[in-house]
$ cat final-v1.cif   # mmCIF, C-alpha atoms
data_my_file
loop_
_atom_site.label_atom_id
_atom_site.label_comp_id
_atom_site.auth_asym_id
_atom_site.auth_seq_id
_atom_site.Cartn_x
_atom_site.Cartn_y
_atom_site.Cartn_z
CA MET A 3 220.74 106.53 -9.83
CA ALA A 4 218.94 103.59 -8.30
CA TRP A 5 215.78 104.29 -6.32
CA TRP A 6 217.30 103.22 -2.98
CA GLU A 7 220.27 105.61 -3.25
CA GLY A 8 219.66 108.95 -1.55
CA VAL A 9 215.97 108.25 -0.99
CA ASP A 10 214.62 108.65 2.53
CA GLU A 11 211.22 106.98 2.12
CA THR A 12 210.69 103.96 4.33
CA ARG A 13 210.05 100.58 2.73
CA LEU A 14 208.98 97.31 4.35
CA LEU A 15 211.25 94.44 3.30
CA VAL A 16 211.03 90.84 4.51
CA ALA A 17 214.58 89.48 4.30
CA PRO A 18 217.21 87.51 6.26
CA ASP A 19 218.60 89.39 9.26
CA PRO A 20 222.27 90.29 8.62
CA LYS A 21 222.91 90.31 12.37
CA ALA A 22 221.85 86.67 12.66
CA ILE A 23 225.32 85.63 11.45
CA GLY A 24 228.05 87.74 13.04
CA ASN A 25 228.23 91.35 11.98
CA CYS A 26 227.27 90.85 8.33
CA VAL A 27 225.95 93.84 6.41
CA GLY A 28 223.31 93.47 3.73
CA ARG A 29 223.85 95.30 0.44
CA LEU A 30 221.38 96.30 -2.24
CA LEU A 31 223.07 95.73 -5.61
CA SER A 32 222.20 96.96 -9.08
CA LEU A 33 222.72 94.02 -11.43
CA ARG A 34 221.47 93.07 -14.87
CA HIS A 35 218.44 90.82 -14.97
CA PRO A 36 219.72 87.59 -16.60
CA LYS A 37 216.87 87.41 -19.12
CA SER A 38 215.92 90.99 -19.96
CA GLY A 39 219.24 92.68 -19.22
CA ASN A 40 217.38 95.45 -17.40
CA THR A 41 218.90 96.96 -14.27
CA THR A 42 217.36 95.16 -11.30
CA CYS A 43 217.77 95.37 -7.53
CA TYR A 44 219.15 92.36 -5.65
CA LEU A 45 220.03 91.89 -1.99
CA PHE A 46 223.36 90.37 -1.01
CA VAL A 47 223.32 89.29 2.62
CA ASN A 48 225.01 86.59 4.70
CA GLY A 49 226.98 85.44 1.66
CA ALA A 50 223.81 84.70 -0.33
CA LEU A 51 222.18 86.51 -3.24
CA GLN A 52 218.48 87.32 -2.95
CA GLU A 53 216.07 88.63 -5.56
CA ILE A 54 213.45 91.11 -4.45
CA HIS A 55 209.76 90.66 -5.26
CA TRP A 56 206.96 93.04 -4.40
CA PHE A 57 203.24 92.89 -3.90
CA LYS A 58 200.70 95.68 -3.48
CA GLN A 59 196.95 95.84 -3.22
CA SER A 60 195.04 98.71 -4.78
CA TYR A 61 195.10 100.72 -1.56
CA GLY A 62 197.31 100.24 1.46
CA ALA A 63 199.91 101.62 3.86
CA TRP A 64 202.02 100.31 6.73
CA PHE A 65 201.85 101.47 10.34
CA LEU A 66 205.36 101.13 11.77
CA GLY A 67 205.26 102.25 15.38
CA ASP A 68 204.26 105.91 15.28
CA TYR A 69 205.18 106.20 11.60
CA VAL A 70 202.92 105.70 8.60
CA CYS A 71 204.69 104.26 5.54
CA GLU A 72 202.75 105.53 2.54
CA ASP A 73 204.22 102.89 0.25
CA GLY A 74 201.92 99.96 0.95
CA ARG A 75 203.99 97.51 -1.07
CA LEU A 76 205.37 94.42 0.63
CA TYR A 77 208.88 93.66 -0.55
CA ALA A 78 210.26 90.16 -0.03
CA ALA A 79 213.77 88.82 -0.64
CA THR A 80 214.03 85.20 -1.78
CA PRO A 81 217.16 83.15 -2.60
CA VAL A 82 218.33 82.94 -6.20
CA ASP A 83 221.14 80.78 -7.55
CA PRO A 84 223.97 83.19 -8.45
CA VAL A 85 224.82 81.07 -11.49
CA PHE A 86 221.68 82.39 -13.21
CA ILE A 87 222.73 85.99 -12.54
CA LEU A 88 226.36 85.49 -13.58
CA LEU A 89 225.73 83.29 -16.62
CA PRO A 90 225.20 86.17 -19.12
CA ILE A 91 228.36 88.05 -18.15
CA PHE A 92 230.48 84.87 -18.27
CA GLU A 93 228.98 84.20 -21.71
CA GLU A 94 230.02 87.66 -22.89
CA ALA A 95 233.45 87.46 -21.28
CA ARG A 96 234.64 84.38 -23.15
CA MET A 97 234.09 86.14 -26.54
CA LYS A 98 233.10 82.93 -28.30
CA LYS A 99 233.09 82.93 -32.10
CA GLY A 100 231.65 80.04 -34.08
CA ASP A 101 233.14 76.71 -32.99
CA ASP A 102 235.88 78.45 -31.00
CA PRO A 103 235.14 77.80 -27.28
CA GLY A 104 236.42 81.27 -26.38
CA LYS A 105 239.02 82.67 -24.04
CA PHE A 106 239.92 82.00 -20.43
CA ARG A 107 239.58 85.17 -18.35
CA GLN A 108 240.41 86.18 -14.80
CA LEU A 109 237.44 86.42 -12.46
CA ASP A 110 238.18 90.08 -11.67
CA GLU A 111 238.04 90.89 -15.40
CA ILE A 112 234.80 89.01 -15.92
CA ILE A 113 232.88 90.66 -13.10
CA PHE A 114 234.14 94.17 -13.90
CA ILE A 115 231.12 95.59 -15.72
CA ASN A 116 230.98 99.29 -16.54
CA GLY A 117 228.09 100.91 -14.71
CA TYR A 118 227.53 97.86 -12.50
CA PRO A 119 229.96 97.89 -9.56
CA GLY A 120 227.60 95.56 -7.70
CA TYR A 121 229.05 92.53 -9.49
CA GLN A 122 232.36 93.00 -7.71
CA HIS A 123 230.65 92.30 -4.39
CA LEU A 124 229.84 88.83 -5.74
CA SER A 125 233.49 87.79 -6.16
CA SER A 126 233.34 85.83 -2.89
CA ILE A 127 230.64 83.52 -4.23
CA ALA A 128 231.34 83.67 -7.98
CA GLU A 129 234.55 81.63 -7.86
CA LYS A 130 232.91 78.66 -6.15
CA SER A 131 229.47 78.78 -7.74
CA MET A 132 230.65 79.17 -11.37
CA GLN A 133 233.00 76.20 -11.30
CA VAL A 134 229.98 73.96 -11.94
CA VAL A 135 229.48 75.50 -15.41
CA CYS A 136 233.04 76.55 -16.31
CA ASP A 137 236.41 75.16 -17.25
CA PHE A 138 239.15 76.77 -15.21
CA LYS A 139 242.92 76.90 -15.05
CA GLU A 140 245.19 77.83 -12.21
CA ILE A 141 248.40 79.71 -12.89
CA GLY A 142 250.13 80.39 -9.63
CA LEU A 143 247.51 81.79 -7.29
CA THR A 144 245.30 83.05 -10.12
CA LYS A 145 242.31 81.20 -11.58
CA PHE A 146 241.08 81.68 -15.13
CA PHE A 147 237.52 80.78 -16.12
CA ARG A 148 235.79 79.94 -19.39
CA LEU A 149 232.15 78.98 -19.74
CA ASN A 150 231.60 75.41 -20.96
CA ASP A 151 228.43 74.81 -23.02
CA SER A 152 228.18 71.14 -22.06
CA LYS A 153 228.48 71.90 -18.36
CA VAL A 154 225.88 74.67 -18.57
CA LEU A 155 223.42 72.38 -20.34
CA ALA A 156 224.02 69.57 -17.82
CA TRP A 157 223.45 72.01 -14.95
CA LEU A 158 220.22 73.32 -16.51
CA HIS A 159 219.00 69.76 -17.16
CA TYR A 160 219.60 68.94 -13.49
CA LYS A 161 217.76 72.09 -12.36
CA ALA A 162 214.77 71.28 -14.56
CA CYS A 163 214.54 67.69 -13.34
CA GLN A 164 214.85 68.71 -9.69
CA LEU A 165 212.13 71.33 -10.08
CA LYS A 166 209.90 68.84 -11.89
CA GLN A 167 210.16 66.54 -8.87
CA THR A 168 209.51 69.39 -6.44
CA LEU A 169 206.38 70.84 -8.04
CA PRO A 170 204.05 67.89 -7.22
CA THR A 171 205.06 68.12 -3.55
CA LEU A 172 203.96 71.75 -3.37
CA ASP A 173 200.47 71.37 -4.83
CA LYS A 174 198.31 68.25 -4.92
CA ASN A 175 196.92 69.32 -8.31
CA TYR A 176 200.35 68.80 -9.86
CA ALA A 177 200.47 65.18 -8.68
CA ALA A 178 197.70 64.32 -11.18
CA ARG A 179 199.28 66.12 -14.13
CA ASP A 180 201.17 64.59 -17.00
CA GLU A 181 204.94 64.43 -16.39
CA LYS A 182 205.73 66.24 -19.63
CA ASP A 183 203.38 69.10 -18.70
CA THR A 184 205.04 69.36 -15.29
CA LEU A 185 208.46 69.38 -16.95
CA ALA A 186 207.32 72.14 -19.31
CA ASP A 187 206.18 74.20 -16.31
CA ALA A 188 209.54 73.63 -14.63
CA VAL A 189 211.36 74.84 -17.74
CA SER A 190 209.00 77.84 -17.90
CA ILE A 191 210.08 78.85 -14.40
CA LEU A 192 213.76 78.44 -15.29
CA GLY A 193 213.09 80.38 -18.48
CA GLU A 194 212.42 83.50 -16.43
CA TYR A 195 216.16 83.59 -15.76
CA LEU A 196 217.46 82.48 -19.19
CA LYS A 197 217.77 84.18 -22.54
CA ASP A 198 216.04 82.29 -25.33
CA GLU A 199 219.35 82.14 -27.21
CA PRO A 200 221.24 80.03 -26.59
CA TRP A 201 220.35 78.44 -23.25
CA LEU A 202 216.57 78.10 -23.22
CA LYS A 203 216.58 76.87 -26.81
CA LEU A 204 219.29 74.30 -26.05
CA LEU A 205 217.51 73.12 -22.90
CA CYS A 206 214.19 72.68 -24.71
CA SER A 207 215.93 70.80 -27.50
CA ASN A 208 217.64 68.53 -24.98
CA LEU A 209 214.36 67.81 -23.20
CA LYS A 210 212.35 67.60 -26.46
CA LEU A 211 210.03 70.45 -25.47
CA ASP A 212 208.42 73.16 -27.57
CA LEU A 213 210.41 76.37 -27.05
CA GLN A 214 207.34 78.58 -27.64
CA VAL A 215 205.44 76.90 -24.81
CA ALA A 216 208.37 76.84 -22.40
CA ALA A 217 209.34 80.44 -23.08
CA LYS A 218 205.93 81.88 -22.13
CA ALA A 219 206.36 81.91 -18.37
CA PRO A 220 204.17 84.22 -16.27
CA ASP A 221 205.57 87.56 -15.16
CA ILE A 222 206.78 87.80 -11.58
CA GLU A 223 207.29 91.28 -10.19
CA THR A 224 210.98 91.58 -9.39
CA LEU A 225 212.26 94.95 -8.32
CA PRO A 226 213.88 97.08 -11.06
CA THR A 227 215.63 100.35 -10.37
CA ALA A 228 214.16 103.77 -11.08
CA ILE A 229 216.84 105.00 -13.44
CA GLU A 230 214.25 105.85 -16.05
CA SER A 231 211.05 105.83 -14.01
CA SER A 232 209.83 106.78 -10.56
CA LEU A 233 208.24 104.56 -7.95
CA ALA A 234 204.89 105.96 -8.98
CA SER A 235 205.24 104.10 -12.28
CA PHE A 236 205.00 100.75 -10.52
CA ASN A 237 201.41 99.89 -11.34
CA PRO A 238 200.30 96.35 -10.48
CA VAL A 239 197.43 96.77 -12.94
CA GLN A 240 199.95 97.21 -15.75
CA GLU A 241 202.08 94.27 -14.59
CA LYS A 242 199.68 91.59 -15.75
CA SER A 243 200.77 88.10 -16.67
CA GLY A 244 199.80 86.33 -19.84
CA SER A 245 196.96 84.61 -18.01
CA ASP A 246 195.31 88.01 -17.38
CA LYS A 247 195.14 88.88 -21.06
CA LYS A 248 192.01 88.31 -23.10
CA THR A 249 191.86 84.82 -24.61
CA THR A 250 189.68 83.28 -27.28
CA ARG A 251 187.08 80.66 -26.57
CA THR A 252 189.10 77.78 -27.98
CA GLY A 253 189.81 75.02 -25.50
CA ARG A 254 193.52 75.08 -26.27
CA GLN A 255 193.94 78.74 -25.38
CA THR A 256 191.82 78.38 -22.26
CA LYS A 257 194.00 75.48 -21.11
CA LYS A 258 197.11 77.50 -21.88
CA ALA A 259 195.90 80.41 -19.74
CA LYS A 260 195.18 78.02 -16.87
CA VAL A 261 198.66 76.51 -17.09
CA GLU A 262 200.23 79.97 -16.92
CA THR A 263 198.18 80.84 -13.85
CA ASP A 264 199.03 77.53 -12.18
CA THR A 265 202.72 78.07 -12.89
CA ARG A 266 202.65 81.52 -11.31
CA ASN A 267 201.04 80.13 -8.16
CA ILE A 268 203.50 77.26 -8.00
CA LYS A 269 206.49 79.55 -8.34
CA GLU A 270 205.25 81.61 -5.42
CA MET A 271 205.00 78.45 -3.32
CA PHE A 272 208.39 77.28 -4.55
CA SER A 273 209.94 80.57 -3.44
CA ARG A 274 208.42 80.17 0.03
CA ALA A 275 209.70 76.59 0.21
CA SER A 276 213.18 77.74 -0.78
CA ARG A 277 213.17 80.29 2.03
CA ARG A 278 212.14 77.67 4.55
CA GLY A 279 214.90 75.34 3.34
CA LYS A 280 217.66 77.92 3.85
#
$ encode --input "final-v1.cif" --output "structure tokens"
Amino acid sequence: MAWWEGVDETRLLVAPDPKAIGNCVGRLLSLRHPKSGNTTCYLFVNGALQEIHWFKQSYGAWFLGDYVCEDGRLYAATPVDPVFILLPIFEEARMKKGDDPGKFRQLDEIIFINGYPGYQHLSSIAEKSMQVVCDFKEIGLTKFFRLNDSKVLAWLHYKACQLKQTLPTLDKNYAARDEKDTLADAVSILGEYLKDEPWLKLLCSNLKLDLQVAAKAPDIETLPTAIESSLASFNPVQEKSGSDKKTTRTGRQTKKAKVETDTRNIKEMFSRASRRGK
């Protein structure tokens, strides 16, 4: 059972107001993380999918009116492209073997995942959003979808190039960096939502980047469920990024640690910019 089901503890979440657009109701959904496959909490509100991040200092609590919220974490919902979240299940659904492009499947079949009813709430946005990376056929009133490798790669290439152009506008330090380094950072950010095989590997090959460098993106604390662990197990000290680990004194490793730290800071700014643009 997910931590938000049947739990009465109060949490502080910064998210879009469902009442701002009609009588919309926000839903917390248990979905698979697109890279790790772990069960992760997402917010679906106002027809948009949001991922949930959290931050906590060593000691803290929230005073909400006359109530004290012992959980001092700050949870924040930020927009995420649903294509990233749906890509793995569309990949599985086509049952591709070798050079065979796979099978066309109905959308209802694709998003029916045992143990994850949350995907069915995404049917309203899946049909439109996944057309950019899929071939589809219409038979009567029914649409059938099949993931297209070329379309996926073109979409990822576009995302990487757009992010590469955005990064220098968010931090003046990026304006002085080499374009290839900025592109590698952009791919690192995208890599947090992609499995190494096949998509991250194909993207790096297309952009002539080193997969090992692009794959080592910093960890961002998204909100998993507590199916196997309690909230007490969320320890920010244990959730360290690669830049917090001990490095050697070689200049190359020191530079690498700095790049990872810079990328983490830029992603945080990019998330804030995305929220402002919505």
$ residues_around --input "final-v1.cif" --residues "Gln52 of chain A" --least-positions-apart "4" --cutoff "6 Å" --atoms "only C-alpha atoms" --output "number ranges by chain"
A: 44-45, 79-82
$ write_last_selection --input "final-v1.cif" --atoms "C-alpha atoms" --output "PDB file, in the frame of the given file"
ATOM      1  CA  TYR A  44     219.150  92.360  -5.650  1.00  0.00           C
ATOM      2  CA  LEU A  45     220.030  91.890  -1.990  1.00  0.00           C
ATOM      3  CA  ALA A  79     213.770  88.820  -0.640  1.00  0.00           C
ATOM      4  CA  THR A  80     214.030  85.200  -1.780  1.00  0.00           C
ATOM      5  CA  PRO A  81     217.160  83.150  -2.600  1.00  0.00           C
ATOM      6  CA  VAL A  82     218.330  82.940  -6.200  1.00  0.00           C
TER       7      VAL A  82
END
$ closest_residue --input "final-v1.cif" --among "A:Asp19, A:Glu181, A:Glu194, A:Asp137" --to "Phe86 of chain A" --atoms "all atoms listed in the file"
A:Glu194
$ atom_distance --input "final-v1.cif" --atom1 "atom CA of Arg96 of chain A" --atom2 "atom CA of Lys161 of chain A"
23.5 Å
$ closest_residue --input "final-v1.cif" --among "A:Ile127, A:Phe46, A:Thr41, A:Lys105" --to "Val27 of chain A" --atoms "all atoms listed in the file"
A:Phe46
$ atom_distance --input "final-v1.cif" --atom1 "atom CA of Leu158 of chain A" --atom2 "atom CA of Ser126 of chain A"
22.7 Å
$ atom_distance --input "final-v1.cif" --atom1 "atom CA of Gly74 of chain A" --atom2 "atom CA of Tyr61 of chain A"
7.3 Å
$ residues_around --input "final-v1.cif" --residues "Val70 of chain A" --least-positions-apart "6" --cutoff "12 Å" --atoms "all atoms listed in the file" --output "ChimeraX atom specification"
/A:11-14,62-64
$ resolve_selection --input "final-v1.cif" --expression "the PyMOL selection byres ((chain A and resi 134) around 9)" --output "list of chain:residue names"
A:Val85, A:Lys130, A:Ser131, A:Met132, A:Gln133, A:Val135, A:Cys136, A:Asp137, A:Lys153, A:Val154, A:Trp157
